[in-house]
Protein chains: 2
Amino acid sequence: MTRKQVVIIGAGFGGITAARDVRNADVVLIDRTNHHLFQPLLYQVATAALSPTDIAWPLRTLFRSQSNVRIVMDDVVSIDRMGRAVRLQHSAPIAFDALIVAPGSRHAYFGHDEWEPFAPGLKTMADAVHLRERMLFAFEKAERDRAETGTQHHLTFVIVGGGPTGVELAGSLIEIGKKAMGPDYPHLRLEDLSIILVEAGSRILPGFDPSLSAKALVALEGMGVTVKLNHPVSAVRADGVMVGTEWIPSTNILWAAGNKASPLLNTLGVPQDANGRVKVQGDLTIPNDPWIFVIADAAHCLDPDGRPLPGIAPVAMREGRYVAHVINQELPPDQRAPFTYTDRGMLATIGRGRAIAQVGPIRASGFFAWILWCIVHIFFLIGLRNRIRVMSEWTWYYLTFKPGARLLIGDQGESGQKAKSSETSRARAA
Amino acid sequence: MTRKQVVIIGAGFGGITAARDVRNADVVLIDRTNHHLFQPLLYQVATAALSPTDIAWPLRTLFRSQSNVRIVMDDVVSIDRMGRAVRLQHSAPIAFDALIVAPGSRHAYFGHDEWEPFAPGLKTMADAVHLRERMLFAFEKAERDRAETGTQHHLTFVIVGGGPTGVELAGSLIEIGKKAMGPDYPHLRLEDLSIILVEAGSRILPGFDPSLSAKALVALEGMGVTVKLNHPVSAVRADGVMVGTEWIPSTNILWAAGNKASPLLNTLGVPQDANGRVKVQGDLTIPNDPWIFVIADAAHCLDPDGRPLPGIAPVAMREGRYVAHVINQELPPDQRAPFTYTDRGMLATIGRGRAIAQVGPIRASGFFAWILWCIVHIFFLIGLRNRIRVMSEWTWYYLTFKPGARLLIGDQGESGQKAKSSETSRARAA
């Protein structure tokens with residue numbers, strides 16, 4: 001009866017880890033979707049290598065056997081610190097004794113939100129399905145133009161941002177484009193496809209050791225990707241992008257350049273960094289409120305060297321576990337050891353059989369790093385069923401170069417921007 | 001250079017069979033989607049048992065090794081008989097020497113097209129994904145209402161039409177609802193779920209022998225479905241449906257009652273039946289035009305007893321093969337033997353382990369018929385990969401009752417009618 005109620009906002013890696021570990025309180029896990037998403041493989045859905053259901057898991061099934069967890073599918077509108085409740089869009093407010101805020105982040109357009117329609121990003125399943133439809137439509141249009149007029153101008157893909165997502169998208173696109181799509185479009189030529197990766201900084205994968213960045217660059221260029229370093233984007237339009245002083249015509253611009261934490265955090269009324277992340281205490285709480293925690297990529301949390309921890313799955317999971325421990329033990333603030341994160345290494349994949357790995361002093365690249373990447377990603381995929389599916393899809397694709405998920409559900413749109421799904425037309429009809 | 005060009009409209013079972021069999025001419029296969037859809041299993045996508053990619057196959061991959069086939073993804077606007085060309089929405093007209101018209105059909109609302117937004121049907125992948133989202137949203141809303149107010153009114157599903165699609169949807173919904181969803185929604189009670197199958201005629205599955213209809217009825221009712229025979233629908237609104245003199249409140253109405261052939265057929269200017277199907281000659285051509293064929297559920301083709309052939313996959317495939325033969329042999333009209341169809345039997349599934357089968361004089365029902373149904377459907381699934389996927393999904397589901405495809409991609413909608421996907425919101429943003 002007097003059991004404490006813990007509310008968790010967001011079912012990403014941090015949120016579900018916390019929900020799983022909190023054992024002696026009632027948990028309400030709120031997410032705007034009904035599934036946990038394995039975000040690190042989202043780019044494979046966007047490039048049609050995997051199906052949406054391969055990397056998503058219904059939350060209710062995930063927590064079926066944990067009777068203290070209740071799932072609420074809704075949008076959180078605001079956090080009422082005085083009233084100790086979160087306000088939802090469709091349901092009644094939910095009271096909390098402890099609150100874990102892990103709403104994730106969206107893309108940042110450096111103050112140019114008007115670029116978003118022309119340069120969509122990749123954060124949610126809906127984003128990935130949208131990118132997949134754009135890519136498949138682009139190939140259909142290019143094939144049509146080549147067949148009818150002998151020219152085409154639809155297959156220049158510009159990816160903005162040289163971090164892991166941008167690199168993975170670029171590598172995956174050039175592979176799928178050249179090896180999988182090529183044979184299916186008889187009029188297209190290999191040189192029709194152009195993948196341009198644009199990065200404002202001086203190297204790709206800046207989170208890695210410079211030697212690995214250099215190796216990744218060589219690998220990407222060897223695969224046929226054009227990489228433009230030191231090229232900040234200054235304008236994005238429906239028909240192209242201005243990088244440095246160069247105008248690149250393209251109707252396929254993908255955004256992988258920046259993150260901005262959820263605007264929900266603004267309703268907490270506490271200090272935030274330039275990306276909107278909450279500057280948390282050592283115990284991941286907000287100032288003067290020892291039972292409101294902010295974790296994952298919503299939190300600005302410093303490592304011992306004074307640098308903010310990166311917004312990656314291992315950090316989020318460790319934070320979720322830490323907070324659950326504090327709650328389970330009902331530790332008062334003065335008895336909490338500050339959160340620490342031990343870097344277990346970083347991996348980034350470039351293409352089939354190519355990756356880079358940085359584990360402690362070890363720097364690896366190439367096939368061995370890729371195998372390591374595969375093992376780690378399959379290991380983290382939740383549930384045996386999804387592991388088997390993803391492994392069999394990858395094996396199939398590795399052997400045949402026929403990715404299985406090249407499905408256009410919607411009707412054919414007129415332009416890249418309007419590539420409307422029939423969801424849209426149905427909504428209009430209704 | 002003087003090779004003949006055969007244009008095929010529609011990549012259903014009839015269209016792809018014809019495209020595969022036409023060997024000594026150039027083939028242009030036109031479809032508004034990029035995939036062939038295994039429509040008989042579409043209801044399993046709608047009820048989240050299978051993923052969209054499990055039952056769809058990209059056309060370009062399907063015909064990758066057949067160099068005489070060109071794929072065009074577009075909408076056909078009209079057929080120009082005088083000019084011997086089909087006009088497309090996005091591309092230049094395509095000339096034909098022979099034309100195979102197989103555009104399929106949509107739902108018919110008996111002159112009440114205004115019912116469609118409230119009672120969507122199931123023909124395309126977009127339809128199936130839409131129904132799946134509606135179903136999953138309904139459970140989320142029902143759970144929320146039970147948790148907050150102790151009542152709910154979202155889980156009455158009304159299925160209009162007692163043909164195979166209606167029966168399969170009803171059986172699948174009650175199974176998924178009771179066995180798979182139940183444990184995931186702790187506040188819901190089994191009696192909250194109500195599946196009502198409404199049929200205007202005096203029995204379900206009227207295409208089958210009356211003894212099998214009776215057995216199917218007993219099986220459905222035993223599973224918990226309420227079946228209302230002799231109940232014609234007289235009104236459909238957002239909040240319910242009027243059947244006979246009874247008003248059934250429901251926000252989940254599914255339409256499986258009638259078919260209407262594609263309006264494209266009207267542009268041929270030849271006699272059509274009440275459902276819009278073209279009344280074809282014995283060789284499946286239209287009057288006075290021996291190289292324009294109409295097949296599959298676009299054709300009104302009589303069997304020896306003077307009844308029109310049903311719009312099912314085996315008929316469409318046999319017709320496609322017949323037309324390809326006529327074209328390959330370049331048979332003049334007077335040398336063509338009329339098309340004949342030998343009924344190989346009919347199958348309908350009711351639920352897990354329950355089906356009915358009618359093969360010649362044999363009438364079977366129950367588990368044996370269901371095994372037969374599984375074998376036939378897996379046998380017809382194109383491609384080894386999809387066979388393996390579907391088989392493993394079914395085995396998994398049979399053993400665990402955890403269907404794998406319960407994925408809500410969109411944001412949460414306010415009502416059943418507005419269950420908007422984020423595709424919609426993105427389109428608005430663009």
# chains A, B, ... in the order shown; residues from 1 in each chain; ligands from 1
call {"tool": "residues_around", "arguments": {"residues": "Gly182 (chain A)", "least_positions_apart": "4", "cutoff": "12 Å", "atoms": "only C-alpha atoms", "output": "PyMOL selection string"}}
result
(chain A and resi 139-140+142-143+155+173-178+186-193+401-402) or (chain B and resi 60-61+64)
call {"tool": "residues_around", "arguments": {"residues": "Asn230 (chain A)", "least_positions_apart": "2", "cutoff": "9 Å", "atoms": "only C-alpha atoms", "output": "short mmCIF file (atom, residue, chain, number, x, y, z; two decimals) with N, CA and C atoms, in the first residue's frame"}}
result
data_model
loop_
_atom_site.label_atom_id
_atom_site.label_comp_id
_atom_site.auth_asym_id
_atom_site.auth_seq_id
_atom_site.Cartn_x
_atom_site.Cartn_y
_atom_site.Cartn_z
N VAL A 198 29.76 14.62 -45.74
CA VAL A 198 30.22 15.98 -45.47
C VAL A 198 30.45 16.15 -43.98
N GLU A 199 31.61 16.63 -43.60
CA GLU A 199 31.93 16.81 -42.18
C GLU A 199 32.58 18.18 -41.98
N ALA A 200 32.08 18.91 -40.97
CA ALA A 200 32.61 20.25 -40.73
C ALA A 200 34.00 20.20 -40.11
N GLY A 201 34.27 19.14 -39.33
CA GLY A 201 35.56 19.04 -38.66
C GLY A 201 36.64 18.49 -39.57
N SER A 202 37.81 18.25 -38.96
CA SER A 202 38.96 17.87 -39.77
C SER A 202 39.11 16.36 -39.95
N ARG A 203 38.24 15.56 -39.26
CA ARG A 203 38.32 14.12 -39.48
C ARG A 203 36.97 13.47 -39.18
N LYS A 228 34.15 14.78 -47.69
CA LYS A 228 34.57 16.18 -47.71
C LYS A 228 34.75 16.64 -46.26
N PRO A 232 31.76 22.81 -43.58
CA PRO A 232 30.51 23.05 -42.84
C PRO A 232 29.35 23.34 -43.81
N GLY A 244 30.62 24.53 -47.49
CA GLY A 244 31.69 25.48 -47.74
C GLY A 244 31.20 26.44 -48.83
#
call {"tool": "closest_residue", "arguments": {"among": "A:His107, A:His130, A:Arg363, A:Arg81", "to": "chain B", "atoms": "only C-alpha atoms"}}
result
A:His130
call {"tool": "residues_around", "arguments": {"residues": "region 358-362 of chain B", "least_positions_apart": "2", "cutoff": "10 Å", "atoms": "only C-alpha atoms", "output": "mmCIF file with all heavy atoms, in the first residue's frame"}}
result
data_model
loop_
_atom_site.group_PDB
_atom_site.id
_atom_site.type_symbol
_atom_site.label_atom_id
_atom_site.label_comp_id
_atom_site.auth_asym_id
_atom_site.auth_seq_id
_atom_site.Cartn_x
_atom_site.Cartn_y
_atom_site.Cartn_z
ATOM 1 N N PHE B 208 -18.033 -22.406 -49.864
ATOM 2 C CA PHE B 208 -17.768 -23.800 -49.488
ATOM 3 C C PHE B 208 -19.071 -24.583 -49.375
ATOM 4 O O PHE B 208 -20.169 -24.024 -49.386
ATOM 5 C CB PHE B 208 -17.025 -23.837 -48.146
ATOM 6 C CG PHE B 208 -15.579 -23.457 -48.241
ATOM 7 C CD1 PHE B 208 -15.207 -22.114 -48.281
ATOM 8 C CD2 PHE B 208 -14.588 -24.416 -48.301
ATOM 9 C CE1 PHE B 208 -13.881 -21.752 -48.374
ATOM 10 C CE2 PHE B 208 -13.258 -24.062 -48.391
ATOM 11 C CZ PHE B 208 -12.900 -22.724 -48.435
ATOM 12 N N ASP B 209 -18.919 -25.875 -49.247
ATOM 13 C CA ASP B 209 -20.042 -26.760 -49.001
ATOM 14 C C ASP B 209 -20.733 -26.364 -47.687
ATOM 15 O O ASP B 209 -20.060 -26.045 -46.701
ATOM 16 C CB ASP B 209 -19.503 -28.199 -48.891
ATOM 17 C CG ASP B 209 -20.609 -29.218 -48.848
ATOM 18 O OD1 ASP B 209 -21.068 -29.614 -49.944
ATOM 19 O OD2 ASP B 209 -21.014 -29.610 -47.734
ATOM 20 N N LEU B 212 -19.334 -27.656 -44.424
ATOM 21 C CA LEU B 212 -18.104 -27.038 -43.930
ATOM 22 C C LEU B 212 -18.383 -25.659 -43.332
ATOM 23 O O LEU B 212 -17.764 -25.268 -42.333
ATOM 24 C CB LEU B 212 -17.075 -26.937 -45.058
ATOM 25 C CG LEU B 212 -16.480 -28.278 -45.504
ATOM 26 C CD1 LEU B 212 -15.536 -28.080 -46.681
ATOM 27 C CD2 LEU B 212 -15.745 -28.960 -44.354
ATOM 28 N N ASP B 343 -10.950 -26.858 -60.892
ATOM 29 C CA ASP B 343 -10.914 -26.526 -59.476
ATOM 30 C C ASP B 343 -10.077 -27.557 -58.729
ATOM 31 O O ASP B 343 -10.362 -28.740 -58.741
ATOM 32 C CB ASP B 343 -12.340 -26.494 -58.939
ATOM 33 C CG ASP B 343 -12.380 -26.033 -57.498
ATOM 34 O OD1 ASP B 343 -11.342 -25.556 -57.008
ATOM 35 O OD2 ASP B 343 -13.438 -26.147 -56.868
ATOM 36 N N ARG B 344 -9.007 -27.080 -58.090
ATOM 37 C CA ARG B 344 -8.153 -27.993 -57.327
ATOM 38 C C ARG B 344 -8.558 -28.039 -55.860
ATOM 39 O O ARG B 344 -7.902 -28.667 -55.049
ATOM 40 C CB ARG B 344 -6.694 -27.530 -57.414
ATOM 41 C CG ARG B 344 -6.173 -27.414 -58.809
ATOM 42 C CD ARG B 344 -5.029 -28.384 -59.049
ATOM 43 N NE ARG B 344 -4.584 -28.280 -60.430
ATOM 44 C CZ ARG B 344 -3.706 -27.381 -60.859
ATOM 45 N NH1 ARG B 344 -3.161 -26.539 -60.034
ATOM 46 N NH2 ARG B 344 -3.367 -27.343 -62.124
ATOM 47 N N GLY B 345 -9.586 -27.300 -55.515
ATOM 48 C CA GLY B 345 -10.018 -27.327 -54.128
ATOM 49 C C GLY B 345 -9.881 -25.967 -53.469
ATOM 50 O O GLY B 345 -9.293 -25.039 -54.029
ATOM 51 N N MET B 346 -10.432 -25.877 -52.302
ATOM 52 C CA MET B 346 -10.432 -24.611 -51.576
ATOM 53 C C MET B 346 -10.092 -24.869 -50.118
ATOM 54 O O MET B 346 -10.440 -25.899 -49.557
ATOM 55 C CB MET B 346 -11.810 -23.958 -51.643
ATOM 56 C CG MET B 346 -12.172 -23.415 -53.014
ATOM 57 S SD MET B 346 -13.592 -22.315 -52.878
ATOM 58 C CE MET B 346 -14.802 -23.434 -52.226
ATOM 59 N N LEU B 347 -9.441 -23.900 -49.538
ATOM 60 C CA LEU B 347 -9.038 -23.992 -48.143
ATOM 61 C C LEU B 347 -9.379 -22.681 -47.443
ATOM 62 O O LEU B 347 -9.272 -21.615 -48.040
ATOM 63 C CB LEU B 347 -7.524 -24.185 -48.037
ATOM 64 C CG LEU B 347 -6.921 -25.530 -48.429
ATOM 65 C CD1 LEU B 347 -5.450 -25.347 -48.750
ATOM 66 C CD2 LEU B 347 -7.101 -26.511 -47.291
ATOM 67 N N ALA B 348 -9.765 -22.767 -46.210
ATOM 68 C CA ALA B 348 -9.886 -21.544 -45.402
ATOM 69 C C ALA B 348 -9.459 -21.877 -43.994
ATOM 70 O O ALA B 348 -9.760 -22.953 -43.472
ATOM 71 C CB ALA B 348 -11.329 -21.027 -45.416
ATOM 72 N N ILE B 356 -10.748 -25.476 -42.819
ATOM 73 C CA ILE B 356 -11.618 -26.370 -43.573
ATOM 74 C C ILE B 356 -11.033 -26.518 -44.965
ATOM 75 O O ILE B 356 -10.379 -25.619 -45.481
ATOM 76 C CB ILE B 356 -13.084 -25.871 -43.653
ATOM 77 C CG1 ILE B 356 -13.152 -24.481 -44.301
ATOM 78 C CG2 ILE B 356 -13.714 -25.843 -42.278
ATOM 79 C CD1 ILE B 356 -14.572 -24.005 -44.559
ATOM 80 N N ALA B 364 -12.893 -31.772 -45.486
ATOM 81 C CA ALA B 364 -12.114 -32.003 -44.277
ATOM 82 C C ALA B 364 -12.169 -30.763 -43.408
ATOM 83 O O ALA B 364 -12.305 -29.642 -43.893
ATOM 84 C CB ALA B 364 -10.662 -32.333 -44.622
ATOM 85 N N SER B 365 -12.047 -30.985 -42.118
ATOM 86 C CA SER B 365 -11.991 -29.841 -41.208
ATOM 87 C C SER B 365 -11.117 -30.205 -40.028
ATOM 88 O O SER B 365 -10.834 -31.370 -39.803
ATOM 89 C CB SER B 365 -13.401 -29.442 -40.749
ATOM 90 O OG SER B 365 -13.972 -30.507 -40.023
ATOM 91 N N ALA B 369 -6.846 -30.363 -41.897
ATOM 92 C CA ALA B 369 -7.062 -29.333 -42.908
ATOM 93 C C ALA B 369 -6.135 -28.150 -42.676
ATOM 94 O O ALA B 369 -5.653 -27.514 -43.620
ATOM 95 C CB ALA B 369 -8.523 -28.871 -42.886
#
call {"tool": "residues_around", "arguments": {"residues": "Val72 (chain B)", "least_positions_apart": "3", "cutoff": "7 Å", "atoms": "only C-alpha atoms", "output": "short mmCIF file (atom, residue, chain, number, x, y, z; two decimals) with N, CA and C atoms, in the first residue's frame"}}
result
data_model
loop_
_atom_site.label_atom_id
_atom_site.label_comp_id
_atom_site.auth_asym_id
_atom_site.auth_seq_id
_atom_site.Cartn_x
_atom_site.Cartn_y
_atom_site.Cartn_z
N VAL B 28 6.91 -5.41 -70.16
CA VAL B 28 6.96 -4.30 -69.20
C VAL B 28 5.90 -4.58 -68.15
N LEU B 29 6.36 -4.78 -66.92
CA LEU B 29 5.45 -5.08 -65.81
C LEU B 29 5.28 -3.82 -64.97
N ILE B 30 4.05 -3.32 -64.92
CA ILE B 30 3.77 -2.06 -64.23
C ILE B 30 2.99 -2.33 -62.96
N ASP B 31 3.46 -1.77 -61.86
CA ASP B 31 2.70 -1.86 -60.62
C ASP B 31 2.89 -0.56 -59.85
#
call {"tool": "residues_around", "arguments": {"residues": "region 282-291 of chain A", "least_positions_apart": "5", "cutoff": "7 Å", "atoms": "only C-alpha atoms", "output": "short mmCIF file (atom, residue, chain, number, x, y, z; two decimals) with C-alpha atoms, in the first residue's frame"}}
result
data_model
loop_
_atom_site.label_atom_id
_atom_site.label_comp_id
_atom_site.auth_asym_id
_atom_site.auth_seq_id
_atom_site.Cartn_x
_atom_site.Cartn_y
_atom_site.Cartn_z
CA ALA A 98 11.16 8.99 -7.68
CA LEU A 99 11.49 10.03 -11.32
CA PRO A 333 21.99 11.82 -1.01
CA ARG A 336 25.51 7.88 -2.60
CA PRO A 338 29.01 9.35 -7.42
CA PHE A 339 28.31 7.64 -10.73
#
call {"tool": "select_by_dssp", "arguments": {"residues": "region 111-231 of chain A", "states": "strand (DSSP E or B)", "output": "list in words"}}
result
Thr156, Phe157, Val158, Ile159, Val160, Ser194, Ile195, Ile196, Leu197, Val198, Thr226, Val227 and Lys228 of chain A
call {"tool": "write_last_selection", "arguments": {"atoms": "C-alpha atoms", "output": "tab-separated table (two decimals), in the first residue's frame"}}
result
chain	number	residue	atom	x	y	z
A	156	THR	CA	23.40	11.79	-55.32
A	157	PHE	CA	23.11	11.09	-51.61
A	158	VAL	CA	24.61	13.71	-49.31
A	159	ILE	CA	25.12	12.68	-45.70
A	160	VAL	CA	25.83	15.53	-43.31
A	194	SER	CA	27.25	9.18	-55.74
A	195	ILE	CA	27.55	9.10	-51.95
A	196	ILE	CA	29.02	12.24	-50.41
A	197	LEU	CA	29.85	12.42	-46.71
A	198	VAL	CA	30.22	15.98	-45.47
A	226	THR	CA	33.40	10.90	-51.44
A	227	VAL	CA	34.40	12.40	-48.09
A	228	LYS	CA	34.57	16.18	-47.71
call {"tool": "select_by_dssp", "arguments": {"residues": "region 69-208 of chain A", "states": "helix (DSSP H, G or I)", "output": "VMD selection string"}}
result
chain A and resid 113 to 115 125 to 149 164 to 184 190 to 192
call {"tool": "write_last_selection", "arguments": {"atoms": "N, CA and C atoms", "output": "compact mmCIF listing (two decimals), in the first residue's frame"}}
result
# COMPACT_ATOMS: atom_id res chain seq x y z
N ASP A 113 16.07 25.01 -38.14
CA ASP A 113 15.07 23.95 -38.16
C ASP A 113 14.36 23.84 -39.51
N GLU A 114 14.44 24.90 -40.30
CA GLU A 114 13.79 24.86 -41.61
C GLU A 114 14.49 23.89 -42.56
N TRP A 115 15.68 23.41 -42.18
CA TRP A 115 16.37 22.43 -43.03
C TRP A 115 15.78 21.02 -42.87
N MET A 125 12.02 4.71 -35.37
CA MET A 125 11.65 3.77 -36.41
C MET A 125 10.94 4.47 -37.56
N ALA A 126 10.12 5.46 -37.23
CA ALA A 126 9.43 6.19 -38.29
C ALA A 126 10.45 6.90 -39.18
N ASP A 127 11.50 7.47 -38.58
CA ASP A 127 12.58 8.08 -39.37
C ASP A 127 13.18 7.06 -40.33
N ALA A 128 13.48 5.88 -39.81
CA ALA A 128 14.16 4.87 -40.61
C ALA A 128 13.29 4.41 -41.78
N VAL A 129 12.00 4.19 -41.51
CA VAL A 129 11.10 3.76 -42.58
C VAL A 129 10.98 4.87 -43.62
N HIS A 130 10.96 6.12 -43.17
CA HIS A 130 10.90 7.25 -44.08
C HIS A 130 12.15 7.31 -44.96
N LEU A 131 13.34 7.16 -44.35
CA LEU A 131 14.58 7.18 -45.14
C LEU A 131 14.60 6.03 -46.15
N ARG A 132 14.15 4.86 -45.71
CA ARG A 132 14.12 3.71 -46.60
C ARG A 132 13.23 4.00 -47.82
N GLU A 133 12.06 4.59 -47.57
CA GLU A 133 11.17 4.88 -48.69
C GLU A 133 11.80 5.91 -49.63
N ARG A 134 12.46 6.92 -49.05
CA ARG A 134 13.12 7.93 -49.89
C ARG A 134 14.18 7.28 -50.76
N MET A 135 15.00 6.41 -50.17
CA MET A 135 16.08 5.78 -50.92
C MET A 135 15.51 4.92 -52.05
N LEU A 136 14.49 4.12 -51.75
CA LEU A 136 13.94 3.23 -52.78
C LEU A 136 13.25 4.04 -53.88
N PHE A 137 12.55 5.10 -53.50
CA PHE A 137 11.94 5.97 -54.50
C PHE A 137 13.00 6.59 -55.40
N ALA A 138 14.12 7.00 -54.81
CA ALA A 138 15.18 7.64 -55.58
C ALA A 138 15.69 6.69 -56.67
N PHE A 139 15.87 5.44 -56.33
CA PHE A 139 16.32 4.48 -57.34
C PHE A 139 15.26 4.28 -58.43
N GLU A 140 13.99 4.22 -58.03
CA GLU A 140 12.94 4.05 -59.04
C GLU A 140 12.91 5.24 -60.00
N LYS A 141 13.06 6.45 -59.44
CA LYS A 141 13.02 7.64 -60.29
C LYS A 141 14.23 7.69 -61.20
N ALA A 142 15.39 7.34 -60.66
CA ALA A 142 16.61 7.36 -61.46
C ALA A 142 16.51 6.37 -62.63
N GLU A 143 16.00 5.17 -62.32
CA GLU A 143 15.83 4.17 -63.37
C GLU A 143 14.88 4.68 -64.46
N ARG A 144 13.79 5.30 -64.04
CA ARG A 144 12.80 5.81 -64.99
C ARG A 144 13.43 6.87 -65.89
N ASP A 145 14.19 7.79 -65.26
CA ASP A 145 14.80 8.85 -66.05
C ASP A 145 15.81 8.29 -67.04
N ARG A 146 16.64 7.36 -66.59
CA ARG A 146 17.63 6.76 -67.50
C ARG A 146 16.93 6.07 -68.66
N ALA A 147 15.84 5.36 -68.37
CA ALA A 147 15.14 4.63 -69.42
C ALA A 147 14.50 5.60 -70.41
N GLU A 148 14.02 6.74 -69.92
CA GLU A 148 13.24 7.63 -70.80
C GLU A 148 14.10 8.69 -71.46
N THR A 149 15.07 9.25 -70.73
CA THR A 149 15.79 10.40 -71.27
C THR A 149 17.29 10.18 -71.36
N PRO A 164 29.56 8.33 -36.10
CA PRO A 164 29.25 6.93 -36.41
C PRO A 164 28.03 6.76 -37.31
N THR A 165 26.94 7.49 -37.03
CA THR A 165 25.74 7.33 -37.84
C THR A 165 25.99 7.71 -39.29
N GLY A 166 26.67 8.84 -39.51
CA GLY A 166 26.96 9.27 -40.87
C GLY A 166 27.84 8.28 -41.61
N VAL A 167 28.86 7.79 -40.93
CA VAL A 167 29.78 6.82 -41.56
C VAL A 167 29.06 5.52 -41.88
N GLU A 168 28.25 5.04 -40.93
CA GLU A 168 27.52 3.79 -41.16
C GLU A 168 26.53 3.94 -42.30
N LEU A 169 25.83 5.07 -42.34
CA LEU A 169 24.88 5.30 -43.43
C LEU A 169 25.61 5.35 -44.77
N ALA A 170 26.72 6.07 -44.82
CA ALA A 170 27.45 6.20 -46.08
C ALA A 170 27.95 4.84 -46.57
N GLY A 171 28.56 4.08 -45.66
CA GLY A 171 29.06 2.77 -46.05
C GLY A 171 27.96 1.83 -46.48
N SER A 172 26.88 1.85 -45.74
CA SER A 172 25.77 0.96 -46.03
C SER A 172 25.09 1.33 -47.36
N LEU A 173 24.96 2.64 -47.60
CA LEU A 173 24.31 3.10 -48.83
C LEU A 173 25.12 2.73 -50.06
N ILE A 174 26.43 2.90 -49.99
CA ILE A 174 27.22 2.61 -51.19
C ILE A 174 27.24 1.12 -51.46
N GLU A 175 27.25 0.32 -50.41
CA GLU A 175 27.20 -1.13 -50.61
C GLU A 175 25.88 -1.58 -51.20
N ILE A 176 24.80 -1.15 -50.54
CA ILE A 176 23.48 -1.55 -51.03
C ILE A 176 23.28 -1.02 -52.45
N GLY A 177 23.69 0.22 -52.66
CA GLY A 177 23.52 0.83 -53.99
C GLY A 177 24.27 0.07 -55.07
N LYS A 178 25.53 -0.20 -54.82
CA LYS A 178 26.34 -0.80 -55.89
C LYS A 178 26.09 -2.28 -56.03
N LYS A 179 26.00 -2.99 -54.93
CA LYS A 179 25.95 -4.45 -55.03
C LYS A 179 24.53 -4.99 -55.06
N ALA A 180 23.64 -4.42 -54.24
CA ALA A 180 22.30 -5.01 -54.16
C ALA A 180 21.35 -4.37 -55.16
N MET A 181 21.36 -3.04 -55.23
CA MET A 181 20.39 -2.39 -56.10
C MET A 181 20.84 -2.44 -57.54
N GLY A 182 22.10 -2.27 -57.79
CA GLY A 182 22.63 -2.23 -59.15
C GLY A 182 22.00 -3.26 -60.08
N PRO A 183 22.09 -4.54 -59.77
CA PRO A 183 21.57 -5.55 -60.68
C PRO A 183 20.06 -5.46 -60.91
N ASP A 184 19.36 -4.82 -59.99
CA ASP A 184 17.91 -4.74 -60.12
C ASP A 184 17.46 -3.60 -61.02
N LEU A 190 26.91 2.15 -62.71
CA LEU A 190 27.56 2.25 -61.40
C LEU A 190 27.91 3.69 -61.08
N GLU A 191 28.35 4.45 -62.09
CA GLU A 191 28.78 5.82 -61.83
C GLU A 191 27.60 6.76 -61.58
N ASP A 192 26.37 6.28 -61.78
CA ASP A 192 25.21 7.12 -61.47
C ASP A 192 25.10 7.39 -59.98
call {"tool": "closest_residue", "arguments": {"among": "A:Ala108, A:Thr2, A:Ile9, A:Leu37", "to": "Met73 (chain A)", "atoms": "only C-alpha atoms"}}
result
A:Ile9
